[in-house]
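Engineer: Before anything else, here's the structure in question.
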Amino acid sequence: MALSSNNSEALVSEFLLICFPNLQSWQHWLSLPLSLLFLLAMGANATLLITIRMEASLHEPMYYLLSLLSLLDIVLCLTVIPKVLAIFWFDNKSISFSACFLQMFVMNSFLTMESCTFMVMAYDRYVAICKPLQYPSIITDQFVARAAIFIISCNTFFSLPVPILSARLKYCAQNIIKNCICTNLSVSKLSCDDITFNKLYQLVAGWTLLGSDLILIILSYSFIFNAVLRIKAEGAMAKALSTCSSHFILILFFSTVLLVLVITNLARERIPPDVPILLNILHHLIPPALNPIVYGVRTKEIKQGIQKLLRSL
């Protein structure tokens, strides 16, 4: 800690992450399922990426978007979970200012990037179902490249102010974060300064990015279901629905987990403080573990590619 030259207030130079304040004795037990989920998420996403890279038949826009989703999942997991496990196993609670705000930036930006990727994937399925003849000319490799640039640049631009605003605050005396990760609100509420603008910006930016993605996803699927209901040919409806069922399941799960997390944070006063912390960690673990598994199980081409990859080992 360093002392302010103008007064005797102690200015903190690092933070301490206190995971599950009321369940300290359970941390070692919690580390086991979290470690297994982390290994599953890393292994499943790595397998999916290698399969898409090695299998020529999967070199298509839809699978490139799935690769982008897997890369985002891997980065999110690596940003959050190793530090959580280090706290559980080695009691390594300290985190530097720069590491804390970097983690905050990655969590905020990559979460919205993931939501935006789901939105682009919904548009891909909309074109595939509603405009099948135009699909090859609309959803091209160039479209995926432009979409990826848009996803990364837009969400980075709107998410970057969150850690910058928090880093500019003055932190004095209190440096204990009652969380396993550096969320904006957990960190900024330790500041001696007014954090109203920080909270307002995150609320507006978060709901603008995530809300607009959700609206466009709902619109895409409303057009898809409307088109499917008009299909008369036998078996065509089931085939059309099967092409977007995996994506719909993942969006539903992603949105549900996020909604539960938001509700528990809003009702923080009425529930144990450890519940939102656990849900926040699981939100960085369960979707990354499930995304490649759902696609691997429900998509014949990916399943065949994985089988071919395993046989070649």
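Chain labels A, B, ... are given in the sequence in which chains occur in the structure tokens; within each chain residues are numbered consecutively from 1, and ligands are likewise numbered from 1 in the order shown.
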Need the shell around segment 143-145 of chain A: protein/DNA/RNA residues with any atom at most 7 Å away, counting only C-alpha atoms. Skip same-chain ones fewer than 4 positions apart. Format as a short mmCIF file (atom, residue, chain, number, x, y, z; two decimals) with N, CA, C and O atoms, in the first residue's frame?
Structural biologist:
```cif
data_model
loop_
_atom_site.label_atom_id
_atom_site.label_comp_id
_atom_site.auth_asym_id
_atom_site.auth_seq_id
_atom_site.Cartn_x
_atom_site.Cartn_y
_atom_site.Cartn_z
N PRO A 61 -19.16 -21.09 -44.06
CA PRO A 61 -19.42 -19.95 -43.18
C PRO A 61 -20.04 -20.31 -41.83
O PRO A 61 -19.65 -19.76 -40.80
N LEU A 65 -18.36 -19.43 -38.12
CA LEU A 65 -19.01 -18.71 -37.02
C LEU A 65 -18.96 -19.53 -35.73
O LEU A 65 -18.75 -18.99 -34.64
N ILE A 139 -24.36 -15.48 -47.60
CA ILE A 139 -23.50 -15.95 -46.52
C ILE A 139 -22.21 -16.53 -47.13
O ILE A 139 -22.13 -17.72 -47.42
N ILE A 149 -15.15 -8.90 -37.85
CA ILE A 149 -14.56 -7.57 -37.60
C ILE A 149 -15.56 -6.67 -36.87
O ILE A 149 -15.22 -5.96 -35.92
#
```
Engineer: Segment 82-308 of chain A: which residues are alpha helix (DSSP H) by DSSP, as a PyMOL selection string?
Structural biologist: chain A and resi 82-90+97-130+135-138+141-159+161-167+184-188+196-229+236-266+274-283+286-298+300-308
Engineer: Choose the residue, out of A:Leu165, A:Ile176, A:Val228, A:Ile18, that has the smallest atom-to-atom separation from Tyr201 of chain A; count only C-alpha atoms.
Structural biologist: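 Result for the nearest residue to Tyr201 of chain A: A:Leu165.
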Engineer: Counting only C-alpha atoms, which of A:Ala227, A:Ala56, A:Leu210, A:Ile249 gets nearest to Lys308 of chain A?
Structural biologist: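 Answer, going by the shortest atom-to-atom distance: A:Ala56.
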Engineer: Give me, as a VMD selection string, all polymer residues having an atom no more than 10 Å from Leu111 of chain A, counting only C-alpha atoms and skipping those fewer than 4 positions away in the same chain.
Structural biologist: chain A and resid 72 to 73 76 105 to 107 115 to 117 155 159 206 210 283 to 284
Engineer: Identify which of the residues A:Ile151, A:Cys77, A:Leu190, A:Ile251 lies closest to Val294 of chain A, counting only C-alpha atoms when measuring atom-to-atom distances.
Structural biologist: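 Checking each of A:Ile151, A:Cys77, A:Leu190, A:Ile251 against Val294 of chain A, counting only C-alpha atoms, the winner is A:Ile251.
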Engineer: In terms of the shortest atom-to-atom distance over only C-alpha atoms, which of A:Cys19, A:Leu200, A:Leu160, A:Met54 is closest to Thr112 of chain A?
Structural biologist: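 Answer, going by the shortest atom-to-atom distance: A:Leu160.
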Engineer: Please, what distance in Å, to one decimal, runs between atom CA of Ser35 of chain A and atom CA of Phe253 of chain A?
Structural biologist: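 Atom-to-atom, atom CA of Ser35 of chain A and atom CA of Phe253 of chain A are spaced 21.2 Å apart.
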Engineer: Which residues are near Ile95 of chain A? Cut-off 7 Å, only C-alpha atoms, ignore same chain within fewer than 3 positions. Put them as a list in words.
Structural biologist: Glu14, Phe15, Leu16, Ala99 and Cys100 of chain A
Engineer: May I ask which of the residues A:Ile129, A:Leu169, A:Met42, A:Leu285 is the closest one to Thr196 of chain A, counting only C-alpha atoms?
Structural biologist: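 Distance minimum relative to Thr196 of chain A lands on A:Leu169.
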Engineer: Of the candidates A:Phe248, A:Phe90, A:Tyr221, A:Tyr63, which one gets nearest to Thr140 of chain A if we count only C-alpha atoms?
Structural biologist: A:Tyr63
Engineer: Using only C-alpha atoms, which protein or nucleic acid residues come within 8 Å of Ser191 of chain A? Drop anything in the same chain fewer than 2 positions from it, and give the result as a count of residues only.
Structural biologist: 11
Engineer: Provide the atom CA of Pro21 of chain A to atom CA of Leu290 of chain A distance in Å, to one decimal place.
Structural biologist: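 Computed distance, atom CA of Pro21 of chain A to atom CA of Leu290 of chain A, equals 28.7 Å.
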